[in-house]
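Undergrad: Provided below: work.csv, containing CSV, C-alpha atoms.
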```csv
chain,number,residue,atom,x,y,z
A,1,MET,CA,158.2,176.5,44.8
A,2,THR,CA,155.2,178.3,46.2
A,3,GLN,CA,153.3,177.6,49.5
A,4,LYS,CA,150.5,176.3,47.4
A,5,ASP,CA,152.7,173.7,45.8
A,6,LEU,CA,153.8,172.6,49.3
A,7,LYS,CA,150.2,172.1,50.4
A,8,ASP,CA,148.8,170.4,47.4
A,9,ARG,CA,148.1,166.6,47.4
A,10,ARG,CA,150.6,164.5,45.5
A,11,PHE,CA,148.2,161.5,45.2
A,12,TYR,CA,144.7,161.5,43.6
A,13,LYS,CA,141.8,160.9,45.9
A,14,ALA,CA,140.1,157.5,45.8
A,15,LYS,CA,137.0,159.0,44.2
A,16,GLN,CA,139.2,160.3,41.3
A,17,GLU,CA,141.0,157.1,40.9
A,18,ALA,CA,137.7,155.2,40.8
A,19,LYS,CA,136.5,157.6,38.1
A,20,PHE,CA,139.7,157.0,36.1
A,21,ALA,CA,139.2,153.3,36.3
A,22,LYS,CA,135.6,153.6,35.1
A,23,ASP,CA,136.1,156.1,32.3
A,24,LEU,CA,139.6,155.5,31.0
A,25,THR,CA,140.1,151.7,31.2
A,26,PRO,CA,139.9,149.9,27.8
A,27,GLN,CA,137.6,146.9,27.7
A,28,THR,CA,139.8,143.8,27.3
A,29,LEU,CA,139.7,140.3,28.7
A,30,GLN,CA,142.1,141.3,31.3
A,31,THR,CA,140.3,144.5,32.5
A,32,GLN,CA,137.0,142.7,32.6
A,33,SER,CA,138.3,140.1,35.0
A,34,LYS,CA,137.3,140.3,38.7
A,35,SER,CA,140.9,140.4,39.6
A,36,TYR,CA,141.3,143.7,37.9
A,37,LYS,CA,138.7,145.6,40.0
A,38,LEU,CA,140.0,148.1,42.4
A,39,ALA,CA,139.9,146.3,45.8
A,40,PHE,CA,137.8,149.0,47.5
A,41,GLN,CA,135.2,148.7,44.7
A,42,ASP,CA,135.0,144.9,44.6
A,43,ASN,CA,132.1,143.9,46.8
A,44,GLU,CA,132.6,140.2,46.2
A,45,PHE,CA,136.1,140.6,47.6
A,46,LEU,CA,135.1,142.8,50.5
A,47,LEU,CA,132.5,140.1,51.5
A,48,ARG,CA,135.0,137.3,51.7
A,49,GLU,CA,135.4,135.6,55.1
A,50,GLU,CA,139.0,136.7,55.3
A,51,LEU,CA,137.9,140.4,55.1
A,52,ARG,CA,135.9,140.3,58.3
A,53,PRO,CA,138.5,142.4,60.2
A,54,VAL,CA,138.3,145.0,57.5
A,55,ARG,CA,134.4,145.0,57.7
A,56,PHE,CA,134.7,145.4,61.5
A,57,GLN,CA,136.9,148.4,61.0
A,58,LEU,CA,134.6,149.9,58.3
A,59,GLU,CA,131.5,149.5,60.6
A,60,LEU,CA,133.3,151.2,63.4
A,61,LEU,CA,134.6,154.1,61.3
A,62,LYS,CA,131.6,155.0,59.2
A,63,PRO,CA,129.2,156.0,62.0
A,64,GLU,CA,132.0,157.5,64.0
A,65,MET,CA,133.1,159.8,61.2
A,66,LEU,CA,129.5,160.8,60.2
A,67,LEU,CA,128.6,161.6,63.8
A,68,ASP,CA,131.7,163.7,64.2
A,69,GLU,CA,130.8,165.6,61.0
A,70,ALA,CA,127.3,166.2,62.4
A,71,LYS,CA,128.9,167.6,65.6
A,72,VAL,CA,127.2,165.0,67.8
A,73,ALA,CA,129.4,165.0,70.9
A,74,SER,CA,127.2,163.1,73.3
A,75,THR,CA,124.0,161.1,73.3
A,76,LEU,CA,121.1,160.1,75.5
A,77,VAL,CA,120.6,156.4,74.6
A,78,VAL,CA,117.2,154.8,74.9
A,79,TYR,CA,116.9,151.0,75.1
A,80,GLY,CA,113.6,149.2,75.2
A,81,SER,CA,111.1,146.8,73.6
A,82,ALA,CA,110.3,146.6,69.9
A,83,ARG,CA,106.9,145.1,70.9
A,84,ILE,CA,105.2,147.4,73.4
A,85,PRO,CA,102.5,149.2,71.5
A,86,ALA,CA,101.6,152.8,71.5
A,87,PRO,CA,98.5,153.3,73.8
A,88,GLU,CA,96.2,153.8,70.9
A,89,LYS,CA,97.1,150.4,69.5
A,90,ALA,CA,97.0,148.4,72.7
A,91,ASP,CA,93.2,147.7,72.6
A,92,ALA,CA,93.6,146.0,69.2
A,93,LEU,CA,96.0,143.5,70.7
A,94,LEU,CA,93.6,142.7,73.5
A,95,ALA,CA,90.7,142.3,71.0
A,96,ALA,CA,92.7,139.8,69.0
A,97,ALA,CA,93.6,137.6,72.0
A,98,ASN,CA,91.9,134.2,71.6
A,99,ASP,CA,93.1,132.2,74.7
A,100,ASP,CA,94.1,132.8,78.3
A,101,ARG,CA,97.9,133.1,77.6
A,102,SER,CA,97.5,135.5,74.7
A,103,ARG,CA,95.0,137.5,76.7
A,104,THR,CA,97.4,137.8,79.6
A,105,ILE,CA,100.2,138.9,77.3
A,106,ALA,CA,97.9,141.5,75.6
A,107,GLU,CA,96.8,142.8,79.0
A,108,ARG,CA,100.4,143.3,80.1
A,109,LEU,CA,101.4,144.9,76.9
A,110,LYS,CA,98.5,147.3,77.3
A,111,ALA,CA,99.6,148.0,80.9
A,112,ASN,CA,103.1,148.8,79.6
A,113,SER,CA,101.9,150.9,76.7
A,114,HIS,CA,102.2,154.1,78.7
A,115,TYR,CA,106.0,153.7,78.5
A,116,TYR,CA,105.7,154.7,74.8
A,117,ASP,CA,104.4,158.1,76.0
A,118,GLU,CA,107.2,158.4,78.6
A,119,ALA,CA,109.9,157.5,76.0
A,120,ARG,CA,108.4,160.2,73.7
A,121,LYS,CA,108.4,162.8,76.5
A,122,LEU,CA,112.0,161.9,77.4
A,123,GLY,CA,113.0,162.5,73.8
A,124,GLN,CA,111.2,165.9,73.9
A,125,LEU,CA,112.8,166.9,77.2
A,126,ALA,CA,116.4,166.0,76.2
A,127,SER,CA,116.0,167.6,72.8
A,128,SER,CA,114.3,170.8,73.7
A,129,CYS,CA,117.2,171.7,75.9
A,130,GLY,CA,119.4,171.8,72.8
A,131,ILE,CA,122.7,171.7,74.7
A,132,LYS,CA,125.7,172.8,72.7
A,133,ASP,CA,129.3,173.6,73.8
A,134,GLU,CA,131.4,176.5,72.7
A,135,HIS,CA,132.5,174.7,69.5
A,136,GLY,CA,128.9,174.0,68.4
A,137,ASN,CA,129.1,170.3,69.4
A,138,ARG,CA,125.7,168.9,70.4
A,139,HIS,CA,125.0,167.0,73.6
A,140,PHE,CA,122.3,164.5,74.7
A,141,VAL,CA,121.2,163.9,71.1
A,142,VAL,CA,118.6,161.1,71.4
A,143,CYS,CA,119.8,157.8,70.1
A,144,SER,CA,117.8,154.6,69.8
A,145,GLY,CA,118.0,151.3,68.0
A,146,GLY,CA,116.0,152.9,65.2
A,147,GLY,CA,113.2,150.4,65.3
A,148,PRO,CA,109.5,150.5,66.4
A,149,SER,CA,107.8,150.8,69.8
A,150,ILE,CA,109.9,152.4,72.5
A,151,MET,CA,112.7,153.2,70.1
A,152,GLU,CA,110.3,154.9,67.8
A,153,ALA,CA,108.8,156.9,70.7
A,154,ALA,CA,112.2,158.3,71.7
A,155,ASN,CA,113.0,159.4,68.2
A,156,ARG,CA,109.6,160.8,67.8
A,157,GLY,CA,109.9,162.9,70.9
A,158,ALA,CA,113.1,164.5,69.5
A,159,ARG,CA,111.4,165.1,66.2
A,160,ASP,CA,108.4,166.7,68.0
A,161,VAL,CA,110.7,169.6,69.0
A,162,GLY,CA,112.5,169.8,65.7
A,163,ALA,CA,115.7,168.1,66.8
A,164,ASP,CA,118.0,165.6,65.1
A,165,THR,CA,117.9,162.1,66.4
A,166,ILE,CA,119.9,159.0,65.8
A,167,GLY,CA,118.9,155.4,64.9
A,168,LEU,CA,121.3,152.4,65.0
A,169,ASN,CA,119.5,149.7,63.1
A,170,ILE,CA,120.7,146.1,62.7
A,171,VAL,CA,120.3,143.7,59.7
A,172,LEU,CA,117.9,140.9,60.8
A,173,PRO,CA,116.5,137.9,58.9
A,174,HIS,CA,113.0,139.3,59.2
A,175,GLU,CA,111.9,142.7,57.9
A,176,GLN,CA,113.4,145.6,59.9
A,177,ALA,CA,113.6,149.2,58.8
A,178,PRO,CA,114.3,152.5,60.5
A,179,ASN,CA,111.3,154.2,62.0
A,180,GLU,CA,110.1,157.3,60.2
A,181,TYR,CA,111.3,159.7,63.0
A,182,VAL,CA,115.0,159.0,62.7
A,183,THR,CA,117.0,161.8,61.0
A,184,PRO,CA,117.8,160.4,57.6
A,185,ASP,CA,121.5,161.4,57.7
A,186,LEU,CA,121.8,159.9,61.2
A,187,SER,CA,120.3,156.6,60.3
A,188,PHE,CA,122.8,153.8,60.4
A,189,GLN,CA,122.6,150.1,59.6
A,190,PHE,CA,124.9,147.5,61.2
A,191,HIS,CA,125.7,143.9,60.4
A,192,TYR,CA,127.6,143.2,63.7
A,193,PHE,CA,125.7,143.4,67.0
A,194,ALA,CA,129.1,144.0,68.8
A,195,LEU,CA,129.9,147.2,66.7
A,196,ARG,CA,126.3,148.4,67.1
A,197,LYS,CA,126.5,148.1,70.9
A,198,MET,CA,129.8,149.8,70.9
A,199,HIS,CA,128.4,152.8,69.0
A,200,PHE,CA,125.5,153.0,71.5
A,201,LEU,CA,128.0,153.6,74.3
A,202,LEU,CA,130.9,155.6,72.6
A,203,ARG,CA,129.0,158.9,73.0
A,204,ALA,CA,126.5,157.9,75.7
A,205,ARG,CA,126.3,160.2,78.7
A,206,ALA,CA,123.1,158.7,80.1
A,207,VAL,CA,121.1,155.6,79.3
A,208,ALA,CA,117.3,155.1,79.7
A,209,VAL,CA,116.3,151.4,79.9
A,210,PHE,CA,112.6,150.7,79.3
A,211,PRO,CA,110.9,147.3,79.7
A,212,GLY,CA,112.1,145.0,77.0
A,213,GLY,CA,113.2,141.5,76.1
A,214,PHE,CA,116.4,139.7,75.2
A,215,GLY,CA,117.9,142.6,73.2
A,216,THR,CA,117.2,145.1,75.9
A,217,PHE,CA,118.6,142.7,78.6
A,218,ASP,CA,121.7,142.2,76.5
A,219,GLU,CA,122.4,145.9,76.1
A,220,PHE,CA,121.6,146.7,79.7
A,221,PHE,CA,123.7,144.0,81.3
A,222,GLU,CA,126.7,144.7,79.0
A,223,LEU,CA,126.5,148.4,80.1
A,224,LEU,CA,126.3,147.3,83.8
A,225,THR,CA,129.3,145.0,83.3
A,226,LEU,CA,131.4,147.8,81.7
A,227,VAL,CA,130.7,150.2,84.5
A,228,GLN,CA,131.1,147.5,87.2
A,229,THR,CA,134.5,146.5,85.9
A,230,GLY,CA,135.7,150.1,85.4
A,231,LYS,CA,135.9,149.9,81.6
A,232,ILE,CA,133.7,153.0,81.3
A,233,GLU,CA,133.0,155.8,83.8
A,234,PRO,CA,129.7,155.8,85.7
A,235,MET,CA,126.8,157.6,84.1
A,236,PRO,CA,123.0,157.8,84.9
A,237,ILE,CA,121.5,154.4,84.1
A,238,LEU,CA,117.7,154.8,84.5
A,239,LEU,CA,115.4,151.8,84.6
A,240,PHE,CA,111.8,152.8,83.8
A,241,GLY,CA,109.2,150.8,85.7
A,242,LYS,CA,110.4,149.4,89.0
A,243,ALA,CA,107.6,146.9,89.2
A,244,PHE,CA,108.5,145.4,85.8
A,245,TRP,CA,112.2,145.1,86.6
A,246,GLU,CA,111.8,143.7,90.1
A,247,ARG,CA,109.3,141.1,88.7
A,248,VAL,CA,111.6,139.9,85.9
A,249,ILE,CA,115.0,140.2,87.7
A,250,ASN,CA,115.6,139.7,91.4
A,251,PHE,CA,118.6,142.1,91.8
A,252,GLU,CA,118.5,141.6,95.6
A,253,GLU,CA,118.9,137.9,95.4
A,254,LEU,CA,121.8,138.3,93.0
A,255,MET,CA,123.5,140.3,95.7
A,256,LEU,CA,122.5,137.9,98.5
A,257,GLU,CA,123.9,135.0,96.5
A,258,GLY,CA,127.2,136.9,96.6
A,259,VAL,CA,127.6,137.1,92.8
A,260,ILE,CA,127.4,140.9,92.8
A,261,SER,CA,128.4,143.4,95.4
A,262,PRO,CA,125.9,145.5,97.4
A,263,LYS,CA,127.4,148.6,95.8
A,264,ASP,CA,126.5,147.2,92.4
A,265,LEU,CA,122.9,147.9,93.2
A,266,ASP,CA,123.8,151.6,93.0
A,267,LEU,CA,124.9,151.4,89.4
A,268,PHE,CA,121.3,152.0,88.3
A,269,GLN,CA,118.2,153.7,89.6
A,270,PHE,CA,114.5,153.2,89.1
A,271,VAL,CA,112.3,156.0,87.6
A,272,GLU,CA,108.7,156.1,86.5
A,273,THR,CA,108.4,159.2,84.4
A,274,ALA,CA,110.4,161.1,81.8
A,275,GLU,CA,110.5,164.1,84.2
A,276,ASP,CA,112.1,161.9,86.9
A,277,ALA,CA,114.7,160.6,84.4
A,278,TRP,CA,115.7,164.1,83.1
A,279,ARG,CA,115.9,165.4,86.6
A,280,GLU,CA,118.4,162.7,87.6
A,281,ILE,CA,120.5,163.4,84.5
A,282,SER,CA,120.4,167.1,85.2
A,283,ILE,CA,121.5,166.6,88.8
A,284,PHE,CA,124.3,164.2,87.8
A,285,TYR,CA,125.7,166.7,85.3
A,286,GLU,CA,124.7,169.9,87.1
A,287,LEU,CA,122.7,171.1,84.1
A,288,GLU,CA,120.9,174.4,84.2
A,289,ALA,CA,117.1,174.2,83.9
A,290,CYS,CA,115.8,174.5,80.3
A,291,ASP,CA,113.5,177.3,79.4
```
Give the structure from the file, written as structure tokens.

TA:
Amino acid sequence: MTQKDLKDRRFYKAKQEAKFAKDLTPQTLQTQSKSYKLAFQDNEFLLREELRPVRFQLELLKPEMLLDEAKVASTLVVYGSARIPAPEKADALLAAANDDRSRTIAERLKANSHYYDEARKLGQLASSCGIKDEHGNRHFVVCSGGGPSIMEAANRGARDVGADTIGLNIVLPHEQAPNEYVTPDLSFQFHYFALRKMHFLLRARAVAVFPGGFGTFDEFFELLTLVQTGKIEPMPILLFGKAFWERVINFEELMLEGVISPKDLDLFQFVETAEDAWREISIFYELEACD
């Protein structure tokens, strides 16, 4: 027996087995029954309620394997609103306002529209550094939820400098598609919010949190809880827009009520610009200045 014989596979690969099943199976009443389908090719079977644990595992494994193959070792995650407009679109919202409440909302969205530019700049800064280790693994690859607004801006910034960028989309009842700046081979779709949030943090080495709504709050507070409880190690958590965050959340009162510790207020820090955020990340990880 040769060394080649020792190393060769004994079983056919799943792709080969699937081809055999398609090309070589005779058409009979038995082979045309749903029960005869290979289990891994039977979508109706895979979507049964009892298969939820398997779907969980698949949704965990697929992005993990593809990101490993793409040599994405770490990410800069960007959370933020899907509703804040780019500055050039803000005036249209204001013009469409037809009552006091909608006018107030439009004015505030316009005031926050500069965060689109800051998210884009942050994507440019992180991506232009092009940090790689000795094995060619890439670091601080920009990762967003893959949607519009702040998420789009972060992905767009990475694309501006020719870098790959990740989008983690979620299936929603209303229309939702990846923004055009996400690298196609790094564009993922999730059914389970829990698995999506896990993938945000598995490779995260810093998180930028821009003004946002329920989704942003959910992601931000889960991250704080994981660091507070020691489930993950501390990392830079950068809140853009101190005025926004202190208006919508009274962190000081949470501490004074005794429901969080004074030291928990140090888990995150406020920044106003992309340059501020990247500076804090660089200090935390002792990164050399980019050219």

Undergrad: When you draw a straight line from atom CA of His174 of chain A to atom CA of Glu88 of chain A, how long is it in Å?

TA: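 Separating atom CA of His174 of chain A from atom CA of Glu88 of chain A is a distance of 25.1 Å.
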
Undergrad: May I ask which of the residues A:Ala154, A:Val248, A:Cys290, A:Leu58 is the closest one to Gln124 of chain A, counting all atoms listed in the file?

TA: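 Comparing A:Ala154, A:Val248, A:Cys290, A:Leu58 against Gln124 of chain A, the winner is A:Ala154.
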
Undergrad: Which residue, A:Thr28, A:Ser282, A:Ser81, A:Asn250, has the smallest gap to Gly145 of chain A when you use only C-alpha atoms?

TA: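 Counting only C-alpha atoms, the residue closest to Gly145 of chain A is A:Ser81.
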
Undergrad: Give me the segment 142-213 of chain A side of the contact with segment 94-113 of chain A, cut-off 10 Å, one line per residue showing its nearest atom pair and distance in Å at one decimal, counting all atoms listed in the file, sorted by chain and residue number, as CSV.

TA:
```
residue,atom,partner,partner_atom,distance
A:Ser149,CA,A:Ser113,CA,9.1
A:Ile150,CA,A:Ser113,CA,9.2
A:Phe210,CA,A:Asn112,CA,9.7
A:Pro211,CA,A:Asn112,CA,7.9
```

Undergrad: Which residues are close to Asp276 of chain A, i.e. within 10 Å by only C-alpha atoms, leaving aside same-chain residues fewer than 5 positions away? Reply as a list in words.

TA: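 Non-adjacent residues within range: Leu122, Leu238, Phe240, Phe270, Val271, Ile281 and Ser282 of chain A.
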
Undergrad: I'd like the neighbourhood of Lys121 of chain A as a PyMOL selection string, where a residue qualifies if any of its atoms comes within 7 Å (using only C-alpha atoms), though same-chain residues fewer than 4 positions away should be ignored.

TA: chain A and resi 117+125+157+274
